[in-house]
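Peer 1: So here's input.pdb, just PDB, C-alpha atoms:
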ATOM      1  CA  MET A  37      48.275 180.601-192.120  1.00  0.00           C
ATOM      2  CA  ASP A  38      44.651 180.957-191.082  1.00  0.00           C
ATOM      3  CA  LYS A  39      43.304 183.487-188.633  1.00  0.00           C
ATOM      4  CA  ILE A  40      44.293 182.703-185.071  1.00  0.00           C
ATOM      5  CA  LYS A  41      41.742 183.276-182.326  1.00  0.00           C
ATOM      6  CA  GLY A  42      42.267 183.270-178.570  1.00  0.00           C
ATOM      7  CA  LYS A  43      41.918 184.843-175.139  1.00  0.00           C
ATOM      8  CA  VAL A  44      44.205 187.635-173.885  1.00  0.00           C
ATOM      9  CA  TRP A  45      46.618 187.361-170.983  1.00  0.00           C
ATOM     10  CA  LYS A  46      47.913 190.871-170.253  1.00  0.00           C
ATOM     11  CA  PHE A  47      51.452 191.718-169.117  1.00  0.00           C
ATOM     12  CA  GLY A  48      53.323 194.998-168.675  1.00  0.00           C
ATOM     13  CA  ASP A  49      56.749 196.328-169.611  1.00  0.00           C
ATOM     14  CA  ASN A  50      60.132 194.592-169.424  1.00  0.00           C
ATOM     15  CA  ILE A  51      59.001 190.985-169.108  1.00  0.00           C
ATOM     16  CA  ASP A  52      62.416 189.376-169.149  1.00  0.00           C
ATOM     17  CA  THR A  53      63.433 185.811-169.863  1.00  0.00           C
ATOM     18  CA  ASP A  54      64.154 185.210-166.144  1.00  0.00           C
ATOM     19  CA  VAL A  55      60.483 185.966-165.428  1.00  0.00           C
ATOM     20  CA  ILE A  56      59.246 183.906-168.379  1.00  0.00           C
ATOM     21  CA  ILE A  57      61.117 180.791-167.225  1.00  0.00           C
ATOM     22  CA  PRO A  58      63.029 181.294-163.964  1.00  0.00           C
ATOM     23  CA  GLY A  59      66.494 179.724-163.761  1.00  0.00           C
ATOM     24  CA  ARG A  60      65.457 177.255-161.043  1.00  0.00           C
ATOM     25  CA  TYR A  61      63.339 175.457-163.671  1.00  0.00           C
ATOM     26  CA  LEU A  62      66.079 175.109-166.271  1.00  0.00           C
ATOM     27  CA  ARG A  63      67.146 171.628-165.233  1.00  0.00           C
ATOM     28  CA  THR A  64      65.378 170.237-168.284  1.00  0.00           C
ATOM     29  CA  PHE A  65      65.034 170.949-171.978  1.00  0.00           C
ATOM     30  CA  ASP A  66      61.701 169.118-172.197  1.00  0.00           C
ATOM     31  CA  PRO A  67      59.173 171.677-173.492  1.00  0.00           C
ATOM     32  CA  LYS A  68      56.313 170.089-171.507  1.00  0.00           C
ATOM     33  CA  ASP A  69      58.254 170.439-168.255  1.00  0.00           C
ATOM     34  CA  LEU A  70      59.217 174.027-169.073  1.00  0.00           C
ATOM     35  CA  ALA A  71      55.575 174.849-169.839  1.00  0.00           C
ATOM     36  CA  LYS A  72      54.585 173.855-166.292  1.00  0.00           C
ATOM     37  CA  HIS A  73      56.579 176.852-165.006  1.00  0.00           C
ATOM     38  CA  VAL A  74      56.102 179.438-167.750  1.00  0.00           C
ATOM     39  CA  MET A  75      55.713 183.006-166.443  1.00  0.00           C
ATOM     40  CA  ALA A  76      56.299 181.727-162.878  1.00  0.00           C
ATOM     41  CA  GLY A  77      58.424 184.773-162.128  1.00  0.00           C
ATOM     42  CA  GLU A  78      55.504 187.092-162.911  1.00  0.00           C
ATOM     43  CA  ARG A  79      52.288 185.103-162.345  1.00  0.00           C
ATOM     44  CA  GLU A  80      52.367 181.756-160.583  1.00  0.00           C
ATOM     45  CA  ASP A  81      48.870 180.844-161.843  1.00  0.00           C
ATOM     46  CA  PHE A  82      49.607 181.441-165.532  1.00  0.00           C
ATOM     47  CA  ALA A  83      50.922 177.965-166.388  1.00  0.00           C
ATOM     48  CA  SER A  84      47.924 176.216-164.814  1.00  0.00           C
ATOM     49  CA  GLU A  85      45.344 178.641-166.242  1.00  0.00           C
ATOM     50  CA  VAL A  86      46.535 179.322-169.818  1.00  0.00           C
ATOM     51  CA  LYS A  87      44.691 177.407-172.520  1.00  0.00           C
ATOM     52  CA  SER A  88      45.886 176.278-175.921  1.00  0.00           C
ATOM     53  CA  GLY A  89      45.357 179.100-178.404  1.00  0.00           C
ATOM     54  CA  ASP A  90      45.536 181.946-175.876  1.00  0.00           C
ATOM     55  CA  PHE A  91      47.531 185.134-176.528  1.00  0.00           C
ATOM     56  CA  ILE A  92      50.007 187.103-174.485  1.00  0.00           C
ATOM     57  CA  VAL A  93      49.570 190.859-174.945  1.00  0.00           C
ATOM     58  CA  ALA A  94      52.334 192.946-173.392  1.00  0.00           C
ATOM     59  CA  ASP A  95      53.748 196.433-173.372  1.00  0.00           C
ATOM     60  CA  GLU A  96      57.370 197.398-174.141  1.00  0.00           C
ATOM     61  CA  ASN A  97      60.486 195.224-174.297  1.00  0.00           C
ATOM     62  CA  PHE A  98      58.999 191.727-174.027  1.00  0.00           C
ATOM     63  CA  GLY A  99      61.662 189.008-173.781  1.00  0.00           C
ATOM     64  CA  CYS A 100      64.483 191.255-172.606  1.00  0.00           C
ATOM     65  CA  GLY A 101      67.326 189.932-170.474  1.00  0.00           C
ATOM     66  CA  SER A 102      69.390 186.909-171.333  1.00  0.00           C
ATOM     67  CA  SER A 103      69.169 185.084-174.635  1.00  0.00           C
ATOM     68  CA  ARG A 104      67.531 182.155-172.835  1.00  0.00           C
ATOM     69  CA  GLU A 105      66.174 180.034-175.676  1.00  0.00           C
ATOM     70  CA  GLN A 106      63.905 178.127-173.316  1.00  0.00           C
ATOM     71  CA  ALA A 107      61.721 181.232-172.804  1.00  0.00           C
ATOM     72  CA  PRO A 108      59.852 181.115-176.136  1.00  0.00           C
ATOM     73  CA  VAL A 109      59.898 177.295-176.021  1.00  0.00           C
ATOM     74  CA  ALA A 110      58.096 177.348-172.653  1.00  0.00           C
ATOM     75  CA  ILE A 111      55.529 179.862-173.919  1.00  0.00           C
ATOM     76  CA  LYS A 112      54.788 177.856-177.058  1.00  0.00           C
ATOM     77  CA  ALA A 113      54.651 174.553-175.162  1.00  0.00           C
ATOM     78  CA  ALA A 114      52.124 176.098-172.754  1.00  0.00           C
ATOM     79  CA  GLY A 115      49.799 176.610-175.734  1.00  0.00           C
ATOM     80  CA  VAL A 116      50.192 180.330-176.377  1.00  0.00           C
ATOM     81  CA  SER A 117      49.497 180.875-180.074  1.00  0.00           C
ATOM     82  CA  VAL A 118      50.726 184.474-180.500  1.00  0.00           C
ATOM     83  CA  ILE A 119      52.569 187.096-178.473  1.00  0.00           C
ATOM     84  CA  ILE A 120      51.643 190.703-179.204  1.00  0.00           C
ATOM     85  CA  ALA A 121      53.774 193.449-177.665  1.00  0.00           C
ATOM     86  CA  LYS A 122      54.662 197.071-178.302  1.00  0.00           C
ATOM     87  CA  SER A 123      58.290 195.970-178.682  1.00  0.00           C
ATOM     88  CA  PHE A 124      60.462 192.872-178.268  1.00  0.00           C
ATOM     89  CA  ALA A 125      64.055 192.174-177.405  1.00  0.00           C
ATOM     90  CA  ARG A 126      65.598 191.316-180.775  1.00  0.00           C
ATOM     91  CA  ILE A 127      67.031 187.938-179.789  1.00  0.00           C
ATOM     92  CA  PHE A 128      63.750 186.860-178.156  1.00  0.00           C
ATOM     93  CA  TYR A 129      61.864 187.858-181.312  1.00  0.00           C
ATOM     94  CA  ARG A 130      64.182 185.800-183.502  1.00  0.00           C
ATOM     95  CA  ASN A 131      64.203 182.820-181.125  1.00  0.00           C
ATOM     96  CA  ALA A 132      60.387 182.824-181.138  1.00  0.00           C
ATOM     97  CA  ILE A 133      60.174 182.825-184.941  1.00  0.00           C
ATOM     98  CA  ASN A 134      62.868 180.131-185.097  1.00  0.00           C
ATOM     99  CA  ILE A 135      60.687 177.772-183.037  1.00  0.00           C
ATOM    100  CA  GLY A 136      57.480 178.671-184.898  1.00  0.00           C
ATOM    101  CA  LEU A 137      55.897 181.006-182.324  1.00  0.00           C
ATOM    102  CA  PRO A 138      54.340 184.097-183.949  1.00  0.00           C
ATOM    103  CA  VAL A 139      55.346 187.395-182.342  1.00  0.00           C
ATOM    104  CA  VAL A 140      53.642 190.600-183.453  1.00  0.00           C
ATOM    105  CA  LYS A 141      54.866 194.114-182.771  1.00  0.00           C
ATOM    106  CA  ALA A 142      51.730 196.188-182.181  1.00  0.00           C
ATOM    107  CA  ASP A 143      50.189 198.610-179.737  1.00  0.00           C
ATOM    108  CA  ILE A 144      46.636 197.369-179.340  1.00  0.00           C
ATOM    109  CA  ASP A 145      43.797 198.116-176.973  1.00  0.00           C
ATOM    110  CA  ALA A 146      43.044 194.837-175.199  1.00  0.00           C
ATOM    111  CA  LYS A 147      42.464 193.818-171.638  1.00  0.00           C
ATOM    112  CA  GLU A 148      42.807 190.523-169.829  1.00  0.00           C
ATOM    113  CA  GLY A 149      40.144 188.075-170.969  1.00  0.00           C
ATOM    114  CA  ASP A 150      39.309 189.801-174.258  1.00  0.00           C
ATOM    115  CA  THR A 151      39.097 187.597-177.346  1.00  0.00           C
ATOM    116  CA  LEU A 152      41.295 188.482-180.313  1.00  0.00           C
ATOM    117  CA  SER A 153      41.604 187.195-183.842  1.00  0.00           C
ATOM    118  CA  VAL A 154      44.873 187.714-185.660  1.00  0.00           C
ATOM    119  CA  ASP A 155      45.468 187.449-189.394  1.00  0.00           C
ATOM    120  CA  LEU A 156      49.241 187.452-189.904  1.00  0.00           C
ATOM    121  CA  GLU A 157      49.022 187.143-193.677  1.00  0.00           C
ATOM    122  CA  ASN A 158      46.787 190.187-194.193  1.00  0.00           C
ATOM    123  CA  GLY A 159      47.991 192.203-191.202  1.00  0.00           C
ATOM    124  CA  ASN A 160      44.872 192.505-189.078  1.00  0.00           C
ATOM    125  CA  ILE A 161      44.057 192.125-185.400  1.00  0.00           C
ATOM    126  CA  VAL A 162      40.446 192.329-184.241  1.00  0.00           C
ATOM    127  CA  ASN A 163      39.461 192.603-180.614  1.00  0.00           C
ATOM    128  CA  GLU A 164      36.243 190.639-180.849  1.00  0.00           C
ATOM    129  CA  SER A 165      35.263 191.710-177.334  1.00  0.00           C
ATOM    130  CA  THR A 166      35.220 195.417-178.244  1.00  0.00           C
ATOM    131  CA  GLY A 167      34.905 195.365-182.034  1.00  0.00           C
ATOM    132  CA  LYS A 168      38.098 197.418-182.469  1.00  0.00           C
ATOM    133  CA  SER A 169      40.479 196.443-185.252  1.00  0.00           C
ATOM    134  CA  PHE A 170      44.166 197.163-185.626  1.00  0.00           C
ATOM    135  CA  LYS A 171      46.345 197.139-188.723  1.00  0.00           C
ATOM    136  CA  ILE A 172      49.743 195.484-188.402  1.00  0.00           C
ATOM    137  CA  GLU A 173      52.496 194.872-190.903  1.00  0.00           C
ATOM    138  CA  PRO A 174      51.661 191.596-192.654  1.00  0.00           C
ATOM    139  CA  PHE A 175      54.209 188.845-192.220  1.00  0.00           C
ATOM    140  CA  LYS A 176      56.394 188.238-195.249  1.00  0.00           C
ATOM    141  CA  GLU A 177      55.880 184.966-197.103  1.00  0.00           C
ATOM    142  CA  PHE A 178      59.187 183.482-195.934  1.00  0.00           C
ATOM    143  CA  MET A 179      58.250 184.197-192.282  1.00  0.00           C
ATOM    144  CA  LEU A 180      54.808 182.644-192.736  1.00  0.00           C
ATOM    145  CA  ASN A 181      56.472 179.590-194.284  1.00  0.00           C
ATOM    146  CA  ILE A 182      58.767 179.217-191.253  1.00  0.00           C
ATOM    147  CA  LEU A 183      55.821 179.564-188.868  1.00  0.00           C
ATOM    148  CA  ASN A 184      53.591 177.206-190.877  1.00  0.00           C
ATOM    149  CA  ASP A 185      56.350 174.595-190.951  1.00  0.00           C
ATOM    150  CA  GLY A 186      56.733 174.731-187.157  1.00  0.00           C
ATOM    151  CA  GLY A 187      59.987 176.655-186.980  1.00  0.00           C
ATOM    152  CA  LEU A 188      63.235 177.231-188.810  1.00  0.00           C
ATOM    153  CA  VAL A 189      64.716 173.744-188.404  1.00  0.00           C
ATOM    154  CA  LYS A 190      61.550 172.008-189.597  1.00  0.00           C
ATOM    155  CA  HIS A 191      61.297 174.517-192.444  1.00  0.00           C
ATOM    156  CA  HIS A 192      64.874 173.804-193.511  1.00  0.00           C
ATOM    157  CA  LEU A 193      64.394 170.029-193.308  1.00  0.00           C
ATOM    158  CA  LYS A 194      61.205 170.280-195.361  1.00  0.00           C
ATOM    159  CA  LYS A 195      63.096 172.031-198.164  1.00  0.00           C
ATOM    160  CA  LYS A 196      65.580 169.158-198.492  1.00  0.00           C
TER
END
Would you write the structure of this file as structure tokens?

Peer 2:
Amino acid sequence: MDKIKGKVWKFGDNIDTDVIIPGRYLRTFDPKDLAKHVMAGEREDFASEVKSGDFIVADENFGCGSSREQAPVAIKAAGVSVIIAKSFARIFYRNAINIGLPVVKADIDAKEGDTLSVDLENGNIVNESTGKSFKIEPFKEFMLNILNDGGLVKHHLKKK
């Protein structure tokens, strides 16, 4: 997986799955429709402003709440390339990896609008706006393979 580069969207603590994709928008499983309402419970403008390749950078406990599988689907379908947070709810973390959305546990110094580059294979994040770099645990090969293949199901089907 190559370096991923994008703009930061900053969020705080305890961003739960009800905020990521509110229940009133769960009448569909179409990722494109879900993406139109992503983060609507926290920032109404996010879905219309986020660009393909952008990052979400959050504080503690991102993805807490219910095990709503549509939450990471909506984020990925909106074009977010990586979520970086100080910590994640375990089931959200696994659901994100399962659909091919990289999630990185890290405490980095970044503000809204900064540009980051992330190297999952070598374990580096660089805030290109400030020049600061951050070491993260590199992703294991099997995780990179799942992400590169577009998620767990596609990875499994590719192996057949």

Peer 1: Residues near Ser169 in chain A, anyone? I mean within 10 Å using all atoms listed in the file, not counting same-chain ones fewer than 6 positions away, as a list in words.

Peer 2: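 Final neighbour list, sorted by chain and number: Ile144, Asp145, Leu152, Ser153, Val154, Asn160, Ile161, Val162 and Asn163 of chain A.
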
Peer 1: Residues of the last selection are to be written out with C-alpha atoms, as a compact mmCIF listing (two decimals), in the frame of the given file.

Peer 2:
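For reference, out39.txt as written:
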# COMPACT_ATOMS: atom_id res chain seq x y z
CA ILE A 144 46.64 197.37 -179.34
CA ASP A 145 43.80 198.12 -176.97
CA LEU A 152 41.30 188.48 -180.31
CA SER A 153 41.60 187.20 -183.84
CA VAL A 154 44.87 187.71 -185.66
CA ASN A 160 44.87 192.50 -189.08
CA ILE A 161 44.06 192.12 -185.40
CA VAL A 162 40.45 192.33 -184.24
CA ASN A 163 39.46 192.60 -180.61

Peer 1: Using all atoms listed in the file, give me every residue within 10 Å of (53.2, 187.6, -195.7) in file coordinates, as a PyMOL selection string.

Peer 2: chain A and resi 37+155-159+173-181

Peer 1: Determine the residue membership of the PyMOL selection byres ((chain A and resi 101-107) around 7) for the file above and supply it as number ranges by chain.

Peer 2: A: 52-53, 56-57, 99-100, 108-111, 127-128, 131

Peer 1: Using all atoms listed in the file, find the one residue out of A:Ala114, A:Ile133, A:Ile182, A:Ile120 that sits nearest to Val74 in chain A.

Peer 2: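 Closest to Val74 in chain A, using all atoms listed in the file: A:Ala114.
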
Peer 1: One decimal, Å: what's the distance from CA of Trp45 in chain A over to CA of Asp90 in chain A, could you say?

Peer 2: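 CA of Asp90 in chain A lies at a distance of 7.4 Å from CA of Trp45 in chain A.
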
Peer 1: Taking 3 positions as the minimum chain separation for residues in the same chain, which residues sit within 9 Å of Ser117 in chain A when counting only C-alpha atoms? Answer as a list in words.

Peer 2: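 Returned residues: Ile40, Lys41, Gly42, Ser88, Gly89, Asp90, Phe91, Ile92, Ile111, Lys112, Leu137 and Pro138 of chain A.
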
Peer 1: At a cut-off of 10 Å around the point (49.1, 177.1, -163.5) (file coordinates), what residues fall inside when counting only C-alpha atoms? I'd like the answer as a ChimeraX atom specification.

Peer 2: /A:71-76,79-86,114

Peer 1: Would you compute the distance between CA of Gly186 in chain A and CA of Ala113 in chain A? Give it in Å to one decimal.

Peer 2: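 Separation of CA of Gly186 in chain A and CA of Ala113 in chain A: 12.2 Å.
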
Peer 1: Have a look at CA of Ile119 in chain A and CA of Phe170 in chain A and let me know their distance in Å, one decimal.

Peer 2: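 Between these atoms lies a distance of 14.9 Å.
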
Peer 1: I'd like to know which of A:Val93, A:Glu78, A:Lys147, A:Val189 is closest to Val118 in chain A, using only C-alpha atoms.

Peer 2: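 Closest candidate: A:Val93.
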
Peer 1: Here is a test: counting all atoms listed in the file, which residue of A:Val116, A:Ala142, A:Leu62, A:Ile135 is nearest to Leu188 in chain A?

Peer 2: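 Under the stated criterion, the closest residue is A:Ile135.
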
Peer 1: What do you get, as a list in words, if you spell out every residue that the PyMOL selection byres ((chain A and resi 96) around 6) selects here?

Peer 2: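 Written out, the selection comes to Asp49, Asp95, Asn97, Phe98, Lys122 and Ser123 of chain A.
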
Peer 1: Here is a test: counting all atoms listed in the file, which residue of A:Gly59, A:Gly115, A:Gly77, A:Gly48 is nearest to Ala94 in chain A?

Peer 2: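 Among the listed residues, A:Gly48 lies closest to Ala94 in chain A.
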
Peer 1: Return the single residue from A:Val44, A:Asp38, A:Asn50, A:Lys168 that is closest to Phe124 in chain A, with distances computed using only C-alpha atoms.

Peer 2: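 Once distances to Phe124 in chain A are computed over only C-alpha atoms, the minimum belongs to A:Asn50.
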
Peer 1: Pick the closest to Lys141 in chain A from A:Ala125, A:Lys43, A:Gly167, A:Ile51: which is it, counting all atoms listed in the file?

Peer 2: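 Between A:Ala125, A:Lys43, A:Gly167, A:Ile51, the residue approaching Lys141 in chain A most closely is A:Ala125.
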